[in-house]
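Visitor: Just one file: query-v9.txt, with compact mmCIF, C-alpha atoms.
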# COMPACT_ATOMS: atom_id res chain seq x y z
CA MET A 1 -33.14 -22.90 30.39
CA LYS A 2 -33.12 -26.21 28.60
CA THR A 3 -34.03 -24.69 25.23
CA GLU A 4 -31.43 -21.95 25.58
CA THR A 5 -28.72 -24.51 26.26
CA LEU A 6 -29.78 -26.36 23.16
CA ALA A 7 -29.73 -23.18 21.11
CA VAL A 8 -26.12 -22.51 22.05
CA HIS A 9 -25.24 -26.07 21.21
CA ASP A 10 -26.90 -25.60 17.82
CA VAL A 11 -24.87 -22.47 17.21
CA TYR A 12 -21.73 -24.30 18.28
CA GLN A 13 -22.41 -27.19 15.91
CA TYR A 14 -23.41 -24.87 13.10
CA MET A 15 -20.21 -22.90 13.42
CA ASN A 16 -18.08 -26.00 13.68
CA GLU A 17 -19.60 -27.58 10.62
CA ARG A 18 -19.02 -24.43 8.63
CA ARG A 19 -15.54 -24.06 10.06
CA ILE A 20 -16.28 -20.62 11.42
CA ILE A 21 -13.33 -19.63 13.58
CA MET A 22 -14.55 -16.19 14.54
CA SER A 23 -17.90 -14.53 14.65
CA PHE A 24 -19.31 -11.35 16.08
CA LEU A 25 -22.84 -10.04 16.08
CA GLY A 26 -23.51 -6.54 17.32
CA ASP A 27 -22.88 -2.89 16.90
CA PHE A 28 -19.67 -2.11 15.02
CA THR A 29 -18.33 0.97 16.70
CA HIS A 30 -14.69 1.92 16.16
CA LYS A 31 -13.85 0.57 19.64
CA VAL A 32 -15.51 -2.76 18.93
CA VAL A 33 -13.72 -3.01 15.59
CA THR A 34 -10.37 -2.27 17.27
CA SER A 35 -10.86 -5.03 19.81
CA LEU A 36 -12.08 -7.47 17.15
CA LEU A 37 -9.00 -6.68 15.10
CA SER A 38 -6.70 -7.62 17.95
CA SER A 39 -8.40 -11.05 18.01
CA VAL A 40 -8.09 -11.26 14.25
CA LYS A 41 -4.37 -10.49 14.57
CA ARG A 42 -3.98 -13.44 16.93
CA ILE A 43 -5.74 -15.76 14.49
CA ILE A 44 -3.53 -14.50 11.66
CA ASP A 45 -0.34 -14.78 13.71
CA THR A 46 -0.99 -18.42 14.53
CA SER A 47 -1.86 -19.31 10.92
CA ASP A 48 0.61 -20.85 8.48
CA LEU A 49 0.28 -17.97 6.04
CA ASP A 50 3.46 -16.30 4.87
CA PHE A 51 4.24 -12.74 5.94
CA GLN A 52 2.72 -11.06 2.89
CA MET A 53 -0.51 -13.08 3.08
CA LYS A 54 -0.83 -12.29 6.77
CA LYS A 55 -0.62 -8.61 5.94
CA ARG A 56 -3.19 -9.00 3.17
CA PHE A 57 -5.53 -10.92 5.43
CA TYR A 58 -5.37 -8.18 8.02
CA ALA A 59 -5.87 -5.43 5.44
CA VAL A 60 -8.90 -7.16 3.95
CA VAL A 61 -10.53 -7.64 7.35
CA VAL A 62 -9.93 -3.98 8.24
CA GLU A 63 -11.53 -2.81 4.99
CA CYS A 64 -14.51 -5.14 5.54
CA LEU A 65 -15.07 -3.83 9.05
CA ASP A 66 -14.37 -0.20 8.11
CA ASN A 67 -16.88 -0.62 5.35
CA ILE A 68 -19.56 -1.54 7.85
CA SER A 69 -18.81 1.19 10.36
CA ARG A 70 -18.56 3.74 7.56
CA HIS A 71 -21.82 2.53 6.11
CA ASN A 72 -23.59 2.75 9.47
CA PHE A 73 -22.18 6.21 9.90
CA ALA A 74 -23.52 7.28 6.53
CA LEU A 75 -26.97 6.21 7.64
CA GLU A 76 -26.97 8.49 10.64
CA GLY A 77 -30.05 10.67 10.74
CA GLU A 78 -31.87 8.04 8.81
CA GLN A 79 -31.26 5.13 11.12
CA LEU A 80 -32.55 1.68 10.54
CA PRO A 81 -34.95 0.42 13.21
CA ALA A 82 -33.01 -0.86 16.24
CA LYS A 83 -33.76 -4.49 15.52
CA HIS A 84 -32.10 -4.06 12.13
CA SER A 85 -29.04 -2.20 13.34
CA ALA A 86 -26.79 -5.11 14.28
CA THR A 87 -24.16 -6.45 11.93
CA ILE A 88 -22.60 -9.87 11.70
CA PHE A 89 -19.01 -10.64 10.83
CA THR A 90 -17.51 -14.11 10.44
CA ILE A 91 -14.23 -15.66 9.40
CA SER A 92 -14.13 -19.29 8.39
CA GLU A 93 -11.09 -21.37 7.59
CA HIS A 94 -11.11 -23.96 4.83
CA ASP A 95 -8.42 -26.20 3.38
CA ASP A 96 -7.11 -23.74 0.84
CA HIS A 97 -8.71 -20.44 1.78
CA PHE A 98 -10.26 -18.21 4.37
CA THR A 99 -13.72 -16.73 3.90
CA ILE A 100 -14.61 -13.38 5.39
CA GLN A 101 -18.27 -12.46 5.49
CA THR A 102 -20.17 -9.49 6.74
CA GLY A 103 -23.92 -9.08 6.88
CA ASN A 104 -25.92 -5.98 7.65
CA TYR A 105 -29.27 -4.44 6.91
CA ILE A 106 -29.46 -1.60 4.43
CA HIS A 107 -32.20 0.56 2.98
CA ASN A 108 -33.56 -0.76 -0.29
CA LYS A 109 -32.93 2.56 -2.00
CA ASP A 110 -29.18 2.08 -1.43
CA VAL A 111 -29.18 -1.35 -3.09
CA PRO A 112 -28.86 -0.28 -6.76
CA SER A 113 -25.82 2.00 -6.31
CA LEU A 114 -24.04 -0.48 -4.04
CA SER A 115 -24.75 -3.34 -6.37
CA GLU A 116 -23.57 -1.32 -9.35
CA ARG A 117 -20.31 -0.43 -7.59
CA LEU A 118 -19.59 -4.03 -6.66
CA ASP A 119 -20.41 -5.26 -10.15
CA LYS A 120 -18.02 -2.72 -11.60
CA VAL A 121 -15.18 -3.76 -9.28
CA ASN A 122 -15.83 -7.42 -10.11
CA SER A 123 -15.67 -6.73 -13.83
CA LEU A 124 -12.13 -5.33 -13.68
CA ASP A 125 -8.75 -7.05 -13.80
CA ARG A 126 -5.90 -6.14 -11.45
CA GLU A 127 -4.43 -3.39 -13.61
CA SER A 128 -7.82 -1.75 -14.22
CA LEU A 129 -8.57 -1.96 -10.49
CA LYS A 130 -5.34 -0.15 -9.77
CA ALA A 131 -6.26 2.52 -12.33
CA LEU A 132 -9.69 2.91 -10.73
CA TYR A 133 -8.06 3.17 -7.30
CA ARG A 134 -5.81 5.95 -8.60
CA GLU A 135 -8.81 7.74 -10.07
CA LYS A 136 -10.76 7.52 -6.79
CA MET A 137 -7.75 8.77 -4.82
CA MET A 138 -7.72 11.92 -6.93
CA GLU A 139 -11.39 12.68 -6.55
CA SER A 140 -12.14 11.89 -2.91
CA PRO A 141 -10.07 13.81 -0.39
CA GLU A 142 -12.10 12.30 2.45
CA GLY A 143 -11.85 8.76 1.14
CA GLY A 144 -14.54 6.22 1.58
CA GLY A 145 -15.74 6.59 -1.97
CA GLY A 146 -15.47 2.89 -2.61
CA LEU A 147 -11.69 2.79 -2.15
CA GLY A 148 -12.04 0.03 0.44
CA ILE A 149 -13.81 -2.35 -1.88
CA ILE A 150 -11.26 -1.74 -4.65
CA ASP A 151 -8.40 -2.22 -2.20
CA MET A 152 -9.89 -5.49 -0.97
CA SER A 153 -10.29 -6.75 -4.49
CA ILE A 154 -6.71 -5.89 -5.45
CA ARG A 155 -5.31 -7.58 -2.36
CA THR A 156 -7.25 -10.82 -2.59
CA GLY A 157 -7.20 -11.12 -6.37
CA CYS A 158 -10.65 -12.71 -5.97
CA LYS A 159 -14.07 -11.52 -7.02
CA ILE A 160 -16.28 -10.24 -4.23
CA SER A 161 -19.52 -12.16 -3.71
CA PHE A 162 -22.54 -10.28 -2.52
CA ASP A 163 -26.23 -10.72 -2.04
CA PHE A 164 -29.23 -8.66 -1.05
CA LYS A 165 -31.97 -10.54 0.72
CA PRO A 166 -35.16 -8.44 0.74
CA ILE A 167 -36.71 -8.28 4.21
CA ASN A 168 -39.59 -5.88 3.57
CA GLY A 169 -40.42 -2.88 1.41
CA ASP A 170 -37.72 -0.73 3.04
CA ILE A 171 -34.96 -3.03 4.14
CA SER A 172 -32.69 -5.72 2.75
CA PHE A 173 -30.00 -7.85 4.34
CA PHE A 174 -26.71 -7.25 2.57
CA VAL A 175 -24.08 -9.99 2.58
CA LEU A 176 -20.54 -9.36 1.41
CA GLN A 177 -18.08 -12.21 1.05
CA THR A 178 -14.44 -12.14 0.20
CA ILE A 179 -12.09 -15.03 -0.14
CA LEU A 180 -8.44 -15.09 0.68
CA SER A 181 -6.50 -18.00 -0.82
CA LYS A 182 -3.90 -19.61 1.39
CA MET B 1 6.48 26.31 14.43
CA ASP B 2 5.58 23.90 17.19
CA ALA B 3 6.52 20.27 16.87
CA ILE B 4 3.85 17.59 16.50
CA LEU B 5 4.85 14.62 18.61
CA LEU B 6 2.33 11.80 18.96
CA GLU B 7 2.84 8.38 20.47
CA ALA B 8 1.51 5.42 18.52
CA THR B 9 -1.86 3.97 19.53
CA PRO B 10 -3.46 0.73 18.27
CA THR B 11 -5.19 2.78 15.56
CA THR B 12 -2.91 5.74 14.90
CA PRO B 13 0.76 5.94 13.90
CA LYS B 14 3.58 7.51 15.83
CA VAL B 15 4.24 11.01 14.55
CA ILE B 16 7.43 13.01 14.90
CA ILE B 17 7.36 16.38 13.23
CA ASP B 18 10.16 18.24 14.89
CA PRO B 19 11.63 21.24 13.08
CA VAL B 20 14.30 21.73 15.78
CA SER B 21 15.95 18.32 15.40
CA ASN B 22 14.77 18.37 11.75
CA LYS B 23 13.21 14.95 12.14
CA PHE B 24 10.01 13.96 10.38
CA GLU B 25 8.60 10.49 10.78
CA ILE B 26 5.24 8.74 10.56
CA SER B 27 5.38 5.12 11.63
CA GLY B 28 3.16 2.24 12.68
CA GLU B 29 -0.44 1.43 11.93
CA SER B 30 -3.03 3.86 10.64
CA ARG B 31 -6.78 3.42 10.80
CA PRO B 32 -7.91 6.37 12.91
CA GLU B 33 -11.51 6.71 14.01
CA ASN B 34 -11.59 10.16 12.48
CA THR B 35 -8.99 10.17 9.75
CA ALA B 36 -9.37 13.83 8.79
CA LYS B 37 -9.07 14.96 12.39
CA PHE B 38 -5.87 12.98 12.79
CA PHE B 39 -4.15 13.87 9.52
CA ASN B 40 -5.33 17.40 8.75
CA PRO B 41 -3.08 19.07 11.36
CA ILE B 42 -0.09 17.25 9.84
CA VAL B 43 -1.00 18.31 6.29
CA THR B 44 -1.59 21.89 7.47
CA TRP B 45 1.73 21.85 9.33
CA PHE B 46 3.71 21.10 6.17
CA ASP B 47 1.68 23.70 4.31
CA GLY B 48 2.72 26.33 6.87
CA TYR B 49 6.33 25.13 7.02
CA ARG B 50 7.06 26.62 3.58
CA SER B 51 7.13 30.09 5.10
CA VAL B 52 9.71 28.90 7.65
CA LEU B 53 11.82 27.48 4.82
CA TYR B 54 11.44 30.77 2.96
CA PHE B 55 12.72 32.60 6.02
CA GLN B 56 15.67 30.20 6.42
CA LYS B 57 16.65 30.55 2.78
CA ASN B 58 16.46 34.33 2.89
CA SER B 59 18.31 34.69 6.17
CA PHE B 60 20.95 32.00 5.84
CA GLY B 61 21.05 31.39 2.09
CA LYS B 62 19.96 27.81 2.59
CA SER B 63 16.92 26.01 3.99
CA LYS B 64 17.09 22.82 6.00
CA LYS B 65 16.34 19.70 4.02
CA VAL B 66 12.90 18.25 4.74
CA SER B 67 13.19 14.48 4.72
CA VAL B 68 10.08 12.61 5.80
CA ASP B 69 10.33 8.99 6.84
CA PHE B 70 7.24 6.87 6.34
CA LYS B 71 7.58 3.58 8.15
CA LEU B 72 4.08 2.16 8.05
CA GLU B 73 3.11 -1.37 8.94
CA TYR B 74 -0.44 -0.90 7.81
CA PHE B 75 -2.74 1.89 6.67
CA ASN B 76 -6.37 1.68 5.64
CA SER B 77 -7.71 3.09 2.40
CA THR B 78 -9.10 6.20 4.10
CA SER B 79 -5.64 6.99 5.49
CA ALA B 80 -4.24 6.58 1.98
CA THR B 81 -5.90 9.76 0.73
CA PHE B 82 -4.34 11.75 3.57
CA ILE B 83 -0.91 10.19 3.13
CA LEU B 84 -1.20 11.35 -0.47
CA ASP B 85 -1.95 14.86 0.81
CA ILE B 86 1.33 14.81 2.74
CA PHE B 87 3.13 13.73 -0.45
CA TYR B 88 1.51 16.68 -2.24
CA GLN B 89 2.69 19.07 0.47
CA LEU B 90 6.24 17.79 0.16
CA GLU B 91 6.06 18.14 -3.60
CA LYS B 92 4.93 21.75 -3.17
CA ILE B 93 7.91 22.41 -0.88
CA HIS B 94 10.22 20.82 -3.42
CA LYS B 95 8.68 22.70 -6.35
CA GLU B 96 9.27 26.01 -4.62
CA GLY B 97 12.96 25.27 -4.58
CA TYR B 98 13.53 23.86 -1.10
CA GLU B 99 15.15 20.51 -0.52
CA ALA B 100 12.56 17.86 0.24
CA GLU B 101 12.25 14.10 -0.06
CA ILE B 102 10.30 11.15 1.21
CA ILE B 103 11.87 7.95 2.42
CA TRP B 104 9.43 5.08 2.19
CA HIS B 105 10.44 2.27 4.52
CA TYR B 106 8.97 -1.18 4.14
CA ASP B 107 9.52 -4.67 5.49
CA GLN B 108 11.44 -6.64 2.89
CA ARG B 109 8.75 -9.35 3.04
CA ASP B 110 6.00 -6.83 2.33
CA THR B 111 6.07 -6.07 -1.40
CA ASP B 112 2.53 -4.66 -1.19
CA MET B 113 3.84 -1.91 1.07
CA LYS B 114 6.66 -1.18 -1.36
CA GLU B 115 4.12 -1.01 -4.19
CA SER B 116 1.99 1.40 -2.18
CA GLY B 117 4.96 3.74 -1.93
CA GLU B 118 5.53 3.46 -5.66
CA GLU B 119 1.86 4.21 -6.29
CA PHE B 120 2.00 7.36 -4.12
CA SER B 121 5.17 8.52 -5.87
CA LYS B 122 3.34 8.47 -9.22
CA TYR B 123 1.23 11.42 -8.10
CA VAL B 124 4.31 13.51 -7.33
CA PRO B 125 6.70 12.84 -10.22
CA SER B 126 9.09 15.67 -9.38
CA LEU B 127 9.53 14.79 -5.69
CA PRO B 128 12.42 12.47 -4.79
CA VAL B 129 11.02 9.33 -3.15
CA LYS B 130 13.56 6.86 -1.85
CA TYR B 131 12.89 3.33 -0.72
CA SER B 132 14.44 1.64 2.23
CA GLU B 133 14.04 -2.02 3.16
CA PHE B 134 14.13 -3.13 6.75
Show this structure as structure tokens.
Guide:
Amino acid sequence: MKTETLAVHDVYQYMNERRIIMSFLGDFTHKVVTSLLSSVKRIIDTSDLDFQMKKRFYAVVVECLDNISRHNFALEGEQLPAKHSATIFTISEHDDHFTIQTGNYIHNKDVPSLSERLDKVNSLDRESLKALYREKMMESPEGGGGLGIIDMSIRTGCKISFDFKPINGDISFFVLQTILSK
Amino acid sequence: MDAILLEATPTTPKVIIDPVSNKFEISGESRPENTAKFFNPIVTWFDGYRSVLYFQKNSFGKSKKVSVDFKLEYFNSTSATFILDIFYQLEKIHKEGYEAEIIWHYDQRDTDMKESGEEFSKYVPSLPVKYSEF
């Protein structure tokens, strides 16, 4: 029991030091996402952000979380081992910005295309992003063809940071970070 | 044609598609679990409504104006593609010579939402899209 208590205290301190105001580790079903979003709404409502920024904050979080549940869905039939199925999501608040991070395991074979897509989005300015969004809208009636990432990038006006940490020959841990200026 | 009347849920908008009172409205928040399943019946409805308008025009010399109010607080990017499909349906109605328009409502503090409406309208240049601040 003693060690477990200490572990929680470590997590508490770790989160406090990094100013993490919300964190969830688990399976991101649509139900879970909906309940997380109602907590996110409360955080946003009590923040000092103006109306438009509050809306943007919410939109960016939804796209981040949708991205994960969509991604997990796409993997159906070719599931990751159970111990690699959980996803982490955190929001931290800093003096002049919020940081939203997600982390999940993905198959190594999906790394190049994902990385290429993110690099492309990061290379574009606002107007080109809007043009790319328009293009994607025309070609994907079902959506999900990277629209979310483009939308996020347009709304925040910030580059998306990402990283792939190789775990073994099949799996990497994928981190996606977006920043929302206050 | 039967009306489509759906109450809002935390993830789906309120929908009023009522040909009797001639009221068409989609309002609230949209991030359905299954976006196609939610929106396809609405898109199909407008597709089928053209034959009703055809009947009205032939029988009474005039069809009822189709004015769709979008009053969205938030929609995710997957919903966007289906909202566009509704715009396309309205444009089709309009192109075939029936009166149709979209009224895009947005909170005056939410210029992103106004811009979204303007973006959608670019795909349907011939369809009247009006903007209304609230």
Visitor: Compile the residues of chain A that lie within 12 Å of chain B, evaluated using all atoms listed in the file, and express the compilation as a VMD selection string.
Guide: chain A and resid 29 to 38 41 50 to 67 69 to 70 73 130 to 131 133 to 152 154 to 156
Visitor: At a cut-off of 12 Å, using only C-alpha atoms, what residues contact Tyr88 of chain B? Leave out same-chain residues fewer than 6 positions from it and give the result as a list in words.
Guide: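 Contacts, with the query itself left out: Met138 of chain A; Val43, Thr44, Phe46, Asp47, Thr81, Phe82, His94, Lys95, Ala100, Glu101, Ile102, Phe120, Ser121, Lys122, Tyr123, Val124, Pro125, Ser126, Leu127 and Pro128 of chain B.
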Visitor: Calculated over only C-alpha atoms, which of the candidates B:Glu115, B:Arg50, B:Lys130, B:Gly28 has the smallest distance to Tyr98 of chain B?
Guide: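 Distance minimum relative to Tyr98 of chain B lands on B:Arg50.
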Visitor: So, with all atoms listed in the file as the atoms that count, which of A:Arg42, A:His9, A:Lys109, A:Lys159 lies closest to Ser181 of chain A?
Guide: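 Answer, going by the shortest atom-to-atom distance: A:Lys159.
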Visitor: Box for segment 91-98 of chain A: with edges along x, y and z, all listed atoms inside and 6 Å added on each side, what are the centre and edge lengths in Å to one decimal, as lines of an AutoDock Vina configuration file?
Guide:
center_x = -10.7
center_y = -20.9
center_z = 5.1
size_x = 19.1
size_y = 22.5
size_z = 20.6
Visitor: Suppose you want the space between atom CA of Cys158 of chain A and atom CA of Thr178 of chain A; what is it in Å?
Guide: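 Atom CA of Thr178 of chain A lies at a distance of 7.3 Å from atom CA of Cys158 of chain A.
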Visitor: Please measure the separation of atom CA of Glu17 of chain A and atom CA of Ile106 of chain A, giving the value in Å to one decimal.
Guide: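 That distance, rounded to one decimal, is 28.5 Å.
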Visitor: Can you measure atom CA of Ser115 of chain A to atom CA of Phe174 of chain A for me? One decimal in Å is fine.
Guide: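 Answer for the atom CA of Ser115 of chain A to atom CA of Phe174 of chain A separation: 10.0 Å.
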Visitor: Nearest to Ser21 of chain B among B:Glu133, B:Asp2, B:Glu7, B:Glu118, with distances taken over all atoms listed in the file: which residue is it?
Guide: B:Asp2
Visitor: With a distance cut-off of 7 Å and only C-alpha atoms, select the neighbouring residues of Ile103 of chain B, excluding the residue or stretch itself and same-chain residues fewer than 6 positions from it, and output the selection as number ranges by chain.
Guide: B: 68-70, 129-132
Visitor: Rank A:Ile43, A:Ile179, A:Ile20, A:Ile167 by their smallest atom-to-atom distance to Asn108 of chain A, using all atoms listed in the file, and report the top residue only.
Guide: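 Smallest distance to Asn108 of chain A is found for A:Ile167.
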